[in-house]
file my_file.txt (compact mmCIF, N, CA, C and O atoms)
# COMPACT_ATOMS: atom_id res chain seq x y z
N THR B 1 118.62 162.45 143.67
CA THR B 1 119.50 163.45 144.25
C THR B 1 118.72 164.48 145.06
O THR B 1 119.31 165.25 145.76
N GLY B 2 117.39 164.51 144.89
CA GLY B 2 116.60 165.48 145.64
C GLY B 2 116.46 166.81 144.93
O GLY B 2 115.63 167.61 145.29
N LEU B 3 117.30 167.04 143.94
CA LEU B 3 117.19 168.29 143.21
C LEU B 3 115.96 168.24 142.31
O LEU B 3 115.70 167.25 141.66
N GLY B 4 115.22 169.29 142.30
CA GLY B 4 114.04 169.34 141.46
C GLY B 4 112.85 168.61 142.04
O GLY B 4 111.88 168.37 141.35
N ALA B 5 112.93 168.23 143.30
CA ALA B 5 111.80 167.54 143.93
C ALA B 5 110.61 168.48 144.02
O ALA B 5 110.76 169.67 144.25
N ARG B 6 109.43 167.91 143.85
CA ARG B 6 108.21 168.70 143.90
C ARG B 6 107.34 168.23 145.06
O ARG B 6 107.32 167.06 145.38
N PRO B 7 106.60 169.15 145.64
CA PRO B 7 105.70 168.72 146.71
C PRO B 7 104.62 167.81 146.14
O PRO B 7 104.23 167.94 144.98
N THR B 8 104.14 166.91 146.96
CA THR B 8 103.13 165.97 146.49
C THR B 8 101.73 166.57 146.54
O THR B 8 100.83 166.09 145.87
N GLU B 9 101.53 167.61 147.33
CA GLU B 9 100.23 168.26 147.41
C GLU B 9 100.35 169.70 146.96
O GLU B 9 101.33 170.38 147.27
N VAL B 10 99.35 170.16 146.25
CA VAL B 10 99.34 171.55 145.81
C VAL B 10 98.81 172.40 146.95
O VAL B 10 97.77 172.11 147.54
N ALA B 11 99.53 173.46 147.26
CA ALA B 11 99.11 174.35 148.34
C ALA B 11 97.95 175.22 147.86
O ALA B 11 97.98 175.75 146.76
N LYS B 12 96.94 175.35 148.70
CA LYS B 12 95.81 176.20 148.37
C LYS B 12 96.20 177.65 148.63
O LYS B 12 96.89 177.94 149.61
N PRO B 13 95.77 178.56 147.74
CA PRO B 13 96.10 179.96 147.97
C PRO B 13 95.40 180.47 149.23
O PRO B 13 94.31 180.02 149.57
N ALA B 14 96.05 181.39 149.91
CA ALA B 14 95.45 181.97 151.11
C ALA B 14 94.26 182.83 150.72
O ALA B 14 94.26 183.48 149.68
N LEU B 15 93.24 182.82 151.55
CA LEU B 15 92.07 183.65 151.30
C LEU B 15 92.39 185.10 151.64
O LEU B 15 93.13 185.38 152.58
N VAL B 16 91.82 186.00 150.86
CA VAL B 16 92.05 187.41 151.06
C VAL B 16 90.70 188.09 151.29
O VAL B 16 89.75 187.87 150.54
N ASP B 17 90.61 188.89 152.33
CA ASP B 17 89.40 189.65 152.61
C ASP B 17 89.42 190.90 151.74
O ASP B 17 90.25 191.79 151.94
N LEU B 18 88.52 190.96 150.77
CA LEU B 18 88.48 192.08 149.84
C LEU B 18 88.26 193.42 150.53
O LEU B 18 88.64 194.46 150.00
N ASN B 19 87.66 193.41 151.69
CA ASN B 19 87.36 194.64 152.39
C ASN B 19 88.44 195.07 153.37
O ASN B 19 88.40 196.18 153.88
N GLN B 20 89.41 194.21 153.62
CA GLN B 20 90.48 194.53 154.56
C GLN B 20 91.87 194.58 153.91
O GLN B 20 92.76 195.25 154.42
N ALA B 21 92.03 193.87 152.81
CA ALA B 21 93.35 193.73 152.19
C ALA B 21 93.84 195.06 151.62
O ALA B 21 93.07 195.82 151.03
N GLY B 22 95.12 195.30 151.81
CA GLY B 22 95.76 196.45 151.20
C GLY B 22 96.12 196.14 149.75
O GLY B 22 95.99 195.01 149.28
N ARG B 23 96.58 197.15 149.04
CA ARG B 23 96.91 196.96 147.63
C ARG B 23 97.98 195.89 147.43
O ARG B 23 97.87 195.07 146.52
N SER B 24 98.99 195.87 148.27
CA SER B 24 100.07 194.88 148.08
C SER B 24 99.55 193.47 148.28
O SER B 24 99.97 192.54 147.58
N GLU B 25 98.62 193.27 149.22
CA GLU B 25 98.05 191.94 149.43
C GLU B 25 97.14 191.56 148.26
O GLU B 25 97.15 190.42 147.81
N LEU B 26 96.37 192.51 147.74
CA LEU B 26 95.51 192.24 146.59
C LEU B 26 96.33 191.86 145.36
O LEU B 26 95.92 191.03 144.57
N GLU B 27 97.50 192.46 145.21
CA GLU B 27 98.37 192.16 144.06
C GLU B 27 98.81 190.70 144.04
O GLU B 27 99.16 190.17 142.99
N GLN B 28 98.81 190.05 145.19
CA GLN B 28 99.26 188.66 145.28
C GLN B 28 98.19 187.67 144.85
O GLN B 28 98.47 186.48 144.67
N VAL B 29 96.96 188.14 144.68
CA VAL B 29 95.86 187.26 144.26
C VAL B 29 96.04 186.92 142.78
O VAL B 29 96.23 187.82 141.96
N PRO B 30 96.01 185.63 142.43
CA PRO B 30 96.14 185.25 141.02
C PRO B 30 95.08 185.95 140.16
O PRO B 30 93.91 185.97 140.51
N GLY B 31 95.52 186.57 139.09
CA GLY B 31 94.61 187.27 138.19
C GLY B 31 94.58 188.77 138.43
O GLY B 31 94.05 189.52 137.61
N LEU B 32 95.13 189.22 139.56
CA LEU B 32 95.18 190.65 139.84
C LEU B 32 96.63 191.12 139.76
O LEU B 32 97.55 190.36 139.98
N GLY B 33 96.80 192.35 139.45
CA GLY B 33 98.12 192.97 139.42
C GLY B 33 98.00 194.34 140.06
O GLY B 33 96.98 194.68 140.66
N PRO B 34 99.03 195.16 139.90
CA PRO B 34 99.01 196.48 140.54
C PRO B 34 97.85 197.37 140.11
O PRO B 34 97.24 198.04 140.93
N THR B 35 97.51 197.34 138.83
CA THR B 35 96.44 198.21 138.34
C THR B 35 95.08 197.80 138.92
O THR B 35 94.34 198.64 139.42
N LEU B 36 94.75 196.51 138.85
CA LEU B 36 93.47 196.06 139.39
C LEU B 36 93.43 196.18 140.91
O LEU B 36 92.38 196.50 141.47
N ALA B 37 94.54 195.97 141.58
CA ALA B 37 94.57 196.15 143.03
C ALA B 37 94.25 197.59 143.39
O ALA B 37 93.48 197.87 144.31
N ARG B 38 94.81 198.52 142.63
CA ARG B 38 94.55 199.95 142.85
C ARG B 38 93.08 200.26 142.58
O ARG B 38 92.43 200.98 143.34
N GLU B 39 92.52 199.70 141.50
CA GLU B 39 91.11 199.93 141.16
C GLU B 39 90.17 199.37 142.23
O GLU B 39 89.16 199.98 142.56
N ILE B 40 90.50 198.19 142.74
CA ILE B 40 89.67 197.58 143.79
C ILE B 40 89.67 198.45 145.05
O ILE B 40 88.63 198.73 145.63
N ALA B 41 90.86 198.89 145.46
CA ALA B 41 90.96 199.73 146.65
C ALA B 41 90.22 201.06 146.46
O ALA B 41 89.51 201.52 147.35
N ALA B 42 90.35 201.65 145.28
CA ALA B 42 89.67 202.92 145.01
C ALA B 42 88.16 202.73 145.00
O ALA B 42 87.42 203.56 145.56
N ASP B 43 87.68 201.66 144.38
CA ASP B 43 86.24 201.39 144.33
C ASP B 43 85.70 201.17 145.74
O ASP B 43 84.64 201.67 146.11
N ARG B 44 86.44 200.43 146.54
CA ARG B 44 86.03 200.15 147.92
C ARG B 44 85.94 201.45 148.72
O ARG B 44 85.02 201.62 149.52
N ASN B 45 86.86 202.37 148.49
CA ASN B 45 86.83 203.65 149.20
C ASN B 45 85.66 204.52 148.75
O ASN B 45 85.08 205.24 149.56
N ARG B 46 85.32 204.47 147.47
CA ARG B 46 84.22 205.28 146.93
C ARG B 46 82.85 204.72 147.26
O ARG B 46 81.95 205.45 147.65
N LYS B 47 82.68 203.41 147.08
CA LYS B 47 81.35 202.81 147.13
C LYS B 47 81.10 201.96 148.38
O LYS B 47 80.00 201.44 148.55
N GLY B 48 82.11 201.76 149.19
CA GLY B 48 81.93 200.97 150.39
C GLY B 48 82.35 199.52 150.18
O GLY B 48 82.79 199.13 149.10
N PRO B 49 82.19 198.71 151.22
CA PRO B 49 82.67 197.33 151.18
C PRO B 49 81.92 196.46 150.18
O PRO B 49 80.78 196.74 149.81
N PHE B 50 82.60 195.41 149.76
CA PHE B 50 82.00 194.41 148.88
C PHE B 50 81.18 193.45 149.74
O PHE B 50 81.64 193.02 150.79
N LYS B 51 79.99 193.11 149.28
CA LYS B 51 79.15 192.16 150.01
C LYS B 51 79.38 190.74 149.53
O LYS B 51 79.05 189.79 150.22
N SER B 52 79.96 190.60 148.33
CA SER B 52 80.26 189.28 147.78
C SER B 52 81.38 189.43 146.75
O SER B 52 81.65 190.53 146.28
N VAL B 53 81.98 188.31 146.39
CA VAL B 53 83.04 188.32 145.37
C VAL B 53 82.47 188.80 144.04
O VAL B 53 83.15 189.50 143.29
N GLU B 54 81.22 188.46 143.76
CA GLU B 54 80.60 188.85 142.50
C GLU B 54 80.55 190.37 142.34
O GLU B 54 80.53 190.87 141.22
N GLU B 55 80.53 191.11 143.43
CA GLU B 55 80.51 192.57 143.35
C GLU B 55 81.80 193.15 142.78
O GLU B 55 81.86 194.33 142.47
N LEU B 56 82.83 192.32 142.66
CA LEU B 56 84.06 192.80 142.01
C LEU B 56 83.79 193.23 140.56
O LEU B 56 84.56 193.99 140.00
N ARG B 57 82.71 192.75 139.98
CA ARG B 57 82.36 193.12 138.61
C ARG B 57 82.13 194.63 138.48
O ARG B 57 82.22 195.18 137.39
N ARG B 58 81.84 195.31 139.59
CA ARG B 58 81.63 196.76 139.54
C ARG B 58 82.94 197.52 139.34
O ARG B 58 82.94 198.71 139.07
N VAL B 59 84.06 196.83 139.49
CA VAL B 59 85.39 197.45 139.37
C VAL B 59 85.80 197.48 137.91
O VAL B 59 85.75 196.44 137.22
N LYS B 60 86.22 198.63 137.45
CA LYS B 60 86.70 198.79 136.08
C LYS B 60 87.86 197.83 135.83
O LYS B 60 88.80 197.77 136.60
N GLY B 61 87.74 197.03 134.76
CA GLY B 61 88.81 196.11 134.39
C GLY B 61 88.58 194.67 134.83
O GLY B 61 89.36 193.80 134.47
N ILE B 62 87.54 194.43 135.62
CA ILE B 62 87.26 193.06 136.06
C ILE B 62 86.04 192.55 135.32
O ILE B 62 84.93 193.06 135.51
N GLY B 63 86.28 191.57 134.47
CA GLY B 63 85.22 190.93 133.72
C GLY B 63 85.04 189.50 134.19
O GLY B 63 85.63 189.08 135.19
N PRO B 64 84.25 188.72 133.45
CA PRO B 64 83.97 187.34 133.86
C PRO B 64 85.22 186.47 134.00
O PRO B 64 85.33 185.67 134.93
N ALA B 65 86.17 186.60 133.09
CA ALA B 65 87.37 185.76 133.14
C ALA B 65 88.21 186.08 134.37
O ALA B 65 88.68 185.16 135.06
N THR B 66 88.40 187.36 134.67
CA THR B 66 89.18 187.74 135.85
C THR B 66 88.46 187.31 137.11
O THR B 66 89.08 186.82 138.05
N LEU B 67 87.15 187.49 137.15
CA LEU B 67 86.38 187.08 138.31
C LEU B 67 86.54 185.59 138.57
O LEU B 67 86.70 185.17 139.72
N ASP B 68 86.55 184.78 137.52
CA ASP B 68 86.74 183.34 137.69
C ASP B 68 88.12 183.02 138.29
O ASP B 68 88.25 182.10 139.10
N LYS B 69 89.14 183.79 137.91
CA LYS B 69 90.49 183.56 138.45
C LYS B 69 90.58 183.90 139.92
O LYS B 69 91.30 183.23 140.66
N VAL B 70 89.90 184.96 140.35
CA VAL B 70 90.06 185.43 141.73
C VAL B 70 89.02 184.87 142.68
O VAL B 70 89.11 185.07 143.88
N ARG B 71 88.00 184.20 142.16
CA ARG B 71 86.88 183.74 142.98
C ARG B 71 87.33 182.96 144.21
O ARG B 71 86.78 183.14 145.30
N ALA B 72 88.29 182.10 144.07
CA ALA B 72 88.73 181.29 145.22
C ALA B 72 89.26 182.18 146.33
O ALA B 72 89.10 181.91 147.48
call {"tool": "encode", "arguments": {"input": "my_file.txt", "output": "structure tokens"}}
result
Amino acid sequence: TGLGARPTEVAKPALVDLNQAGRSELEQVPGLGPTLAREIAADRNRKGPFKSVEELRRVKGIGPATLDKVRA
């Protein structure tokens, strides 16, 4: 009947530039929510741009498990 049909390929999440994304865009990243998006934006404003994804560890609330979720 076509109801409940699923795509045959899994869509890859869109890449987000940590240094350009606004809070609403950061909230869409799997593993992040409003609080972490706010913390990332605040950290970026205080300390400057991120040079790598691993630098997200400097943000309060982001540990190894969260970093693994957002790495892609």
call {"tool": "residues_around", "arguments": {"input": "my_file.txt", "residues": "Lys47 (chain B)", "least_positions_apart": "5", "cutoff": "12 Å", "atoms": "only C-alpha atoms", "output": "MDAnalysis selection string"}}
result
chainID B and resid 19 39:42 55:56 58:59
call {"tool": "residues_around", "arguments": {"input": "my_file.txt", "residues": "Gln28 (chain B)", "least_positions_apart": "6", "cutoff": "8 Å", "atoms": "all atoms listed in the file", "output": "list in words"}}
result
Pro13, Ala14, Gly22, Pro34 and Ala37 of chain B
call {"tool": "atom_distance", "arguments": {"input": "my_file.txt", "atom1": "CA of Gly33 (chain B)", "atom2": "CA of Leu67 (chain B)"}}
result
13.2 Å
call {"tool": "atom_distance", "arguments": {"input": "my_file.txt", "atom1": "atom C of Ser24 (chain B)", "atom2": "atom N of Pro64 (chain B)"}}
result
21.8 Å
call {"tool": "residues_around", "arguments": {"input": "my_file.txt", "residues": "Pro30 (chain B)", "least_positions_apart": "3", "cutoff": "12 Å", "atoms": "only C-alpha atoms", "output": "list of chain:residue names"}}
result
B:Lys12, B:Pro13, B:Ala14, B:Leu15, B:Val16, B:Glu25, B:Leu26, B:Glu27, B:Gly33, B:Pro34, B:Leu36, B:Ala37, B:Ala65, B:Thr66, B:Leu67, B:Asp68, B:Lys69, B:Val70, B:Arg71, B:Ala72
call {"tool": "write_last_selection", "arguments": {"input": "my_file.txt", "atoms": "N, CA, C and O atoms", "output": "PDB file, in the frame of the given file"}}
result
ATOM      1  N   LYS B  12      96.940 175.350 148.700  1.00  0.00           N
ATOM      2  CA  LYS B  12      95.810 176.200 148.370  1.00  0.00           C
ATOM      3  C   LYS B  12      96.200 177.650 148.630  1.00  0.00           C
ATOM      4  O   LYS B  12      96.890 177.940 149.610  1.00  0.00           O
ATOM      5  N   PRO B  13      95.770 178.560 147.740  1.00  0.00           N
ATOM      6  CA  PRO B  13      96.100 179.960 147.970  1.00  0.00           C
ATOM      7  C   PRO B  13      95.400 180.470 149.230  1.00  0.00           C
ATOM      8  O   PRO B  13      94.310 180.020 149.570  1.00  0.00           O
ATOM      9  N   ALA B  14      96.050 181.390 149.910  1.00  0.00           N
ATOM     10  CA  ALA B  14      95.450 181.970 151.110  1.00  0.00           C
ATOM     11  C   ALA B  14      94.260 182.830 150.720  1.00  0.00           C
ATOM     12  O   ALA B  14      94.260 183.480 149.680  1.00  0.00           O
ATOM     13  N   LEU B  15      93.240 182.820 151.550  1.00  0.00           N
ATOM     14  CA  LEU B  15      92.070 183.650 151.300  1.00  0.00           C
ATOM     15  C   LEU B  15      92.390 185.100 151.640  1.00  0.00           C
ATOM     16  O   LEU B  15      93.130 185.380 152.580  1.00  0.00           O
ATOM     17  N   VAL B  16      91.820 186.000 150.860  1.00  0.00           N
ATOM     18  CA  VAL B  16      92.050 187.410 151.060  1.00  0.00           C
ATOM     19  C   VAL B  16      90.700 188.090 151.290  1.00  0.00           C
ATOM     20  O   VAL B  16      89.750 187.870 150.540  1.00  0.00           O
ATOM     21  N   GLU B  25      98.620 193.270 149.220  1.00  0.00           N
ATOM     22  CA  GLU B  25      98.050 191.940 149.430  1.00  0.00           C
ATOM     23  C   GLU B  25      97.140 191.560 148.260  1.00  0.00           C
ATOM     24  O   GLU B  25      97.150 190.420 147.810  1.00  0.00           O
ATOM     25  N   LEU B  26      96.370 192.510 147.740  1.00  0.00           N
ATOM     26  CA  LEU B  26      95.510 192.240 146.590  1.00  0.00           C
ATOM     27  C   LEU B  26      96.330 191.860 145.360  1.00  0.00           C
ATOM     28  O   LEU B  26      95.920 191.030 144.570  1.00  0.00           O
ATOM     29  N   GLU B  27      97.500 192.460 145.210  1.00  0.00           N
ATOM     30  CA  GLU B  27      98.370 192.160 144.060  1.00  0.00           C
ATOM     31  C   GLU B  27      98.810 190.700 144.040  1.00  0.00           C
ATOM     32  O   GLU B  27      99.160 190.170 142.990  1.00  0.00           O
ATOM     33  N   GLY B  33      96.800 192.350 139.450  1.00  0.00           N
ATOM     34  CA  GLY B  33      98.120 192.970 139.420  1.00  0.00           C
ATOM     35  C   GLY B  33      98.000 194.340 140.060  1.00  0.00           C
ATOM     36  O   GLY B  33      96.980 194.680 140.660  1.00  0.00           O
ATOM     37  N   PRO B  34      99.030 195.160 139.900  1.00  0.00           N
ATOM     38  CA  PRO B  34      99.010 196.480 140.540  1.00  0.00           C
ATOM     39  C   PRO B  34      97.850 197.370 140.110  1.00  0.00           C
ATOM     40  O   PRO B  34      97.240 198.040 140.930  1.00  0.00           O
ATOM     41  N   LEU B  36      94.750 196.510 138.850  1.00  0.00           N
ATOM     42  CA  LEU B  36      93.470 196.060 139.390  1.00  0.00           C
ATOM     43  C   LEU B  36      93.430 196.180 140.910  1.00  0.00           C
ATOM     44  O   LEU B  36      92.380 196.500 141.470  1.00  0.00           O
ATOM     45  N   ALA B  37      94.540 195.970 141.580  1.00  0.00           N
ATOM     46  CA  ALA B  37      94.570 196.150 143.030  1.00  0.00           C
ATOM     47  C   ALA B  37      94.250 197.590 143.390  1.00  0.00           C
ATOM     48  O   ALA B  37      93.480 197.870 144.310  1.00  0.00           O
ATOM     49  N   ALA B  65      86.170 186.600 133.090  1.00  0.00           N
ATOM     50  CA  ALA B  65      87.370 185.760 133.140  1.00  0.00           C
ATOM     51  C   ALA B  65      88.210 186.080 134.370  1.00  0.00           C
ATOM     52  O   ALA B  65      88.680 185.160 135.060  1.00  0.00           O
ATOM     53  N   THR B  66      88.400 187.360 134.670  1.00  0.00           N
ATOM     54  CA  THR B  66      89.180 187.740 135.850  1.00  0.00           C
ATOM     55  C   THR B  66      88.460 187.310 137.110  1.00  0.00           C
ATOM     56  O   THR B  66      89.080 186.820 138.050  1.00  0.00           O
ATOM     57  N   LEU B  67      87.150 187.490 137.150  1.00  0.00           N
ATOM     58  CA  LEU B  67      86.380 187.080 138.310  1.00  0.00           C
ATOM     59  C   LEU B  67      86.540 185.590 138.570  1.00  0.00           C
ATOM     60  O   LEU B  67      86.700 185.170 139.720  1.00  0.00           O
ATOM     61  N   ASP B  68      86.550 184.780 137.520  1.00  0.00           N
ATOM     62  CA  ASP B  68      86.740 183.340 137.690  1.00  0.00           C
ATOM     63  C   ASP B  68      88.120 183.020 138.290  1.00  0.00           C
ATOM     64  O   ASP B  68      88.250 182.100 139.100  1.00  0.00           O
ATOM     65  N   LYS B  69      89.140 183.790 137.910  1.00  0.00           N
ATOM     66  CA  LYS B  69      90.490 183.560 138.450  1.00  0.00           C
ATOM     67  C   LYS B  69      90.580 183.900 139.920  1.00  0.00           C
ATOM     68  O   LYS B  69      91.300 183.230 140.660  1.00  0.00           O
ATOM     69  N   VAL B  70      89.900 184.960 140.350  1.00  0.00           N
ATOM     70  CA  VAL B  70      90.060 185.430 141.730  1.00  0.00           C
ATOM     71  C   VAL B  70      89.020 184.870 142.680  1.00  0.00           C
ATOM     72  O   VAL B  70      89.110 185.070 143.880  1.00  0.00           O
ATOM     73  N   ARG B  71      88.000 184.200 142.160  1.00  0.00           N
ATOM     74  CA  ARG B  71      86.880 183.740 142.980  1.00  0.00           C
ATOM     75  C   ARG B  71      87.330 182.960 144.210  1.00  0.00           C
ATOM     76  O   ARG B  71      86.780 183.140 145.300  1.00  0.00           O
ATOM     77  N   ALA B  72      88.290 182.100 144.070  1.00  0.00           N
ATOM     78  CA  ALA B  72      88.730 181.290 145.220  1.00  0.00           C
ATOM     79  C   ALA B  72      89.260 182.180 146.330  1.00  0.00           C
ATOM     80  O   ALA B  72      89.100 181.910 147.480  1.00  0.00           O
TER      81      ALA B  72
END
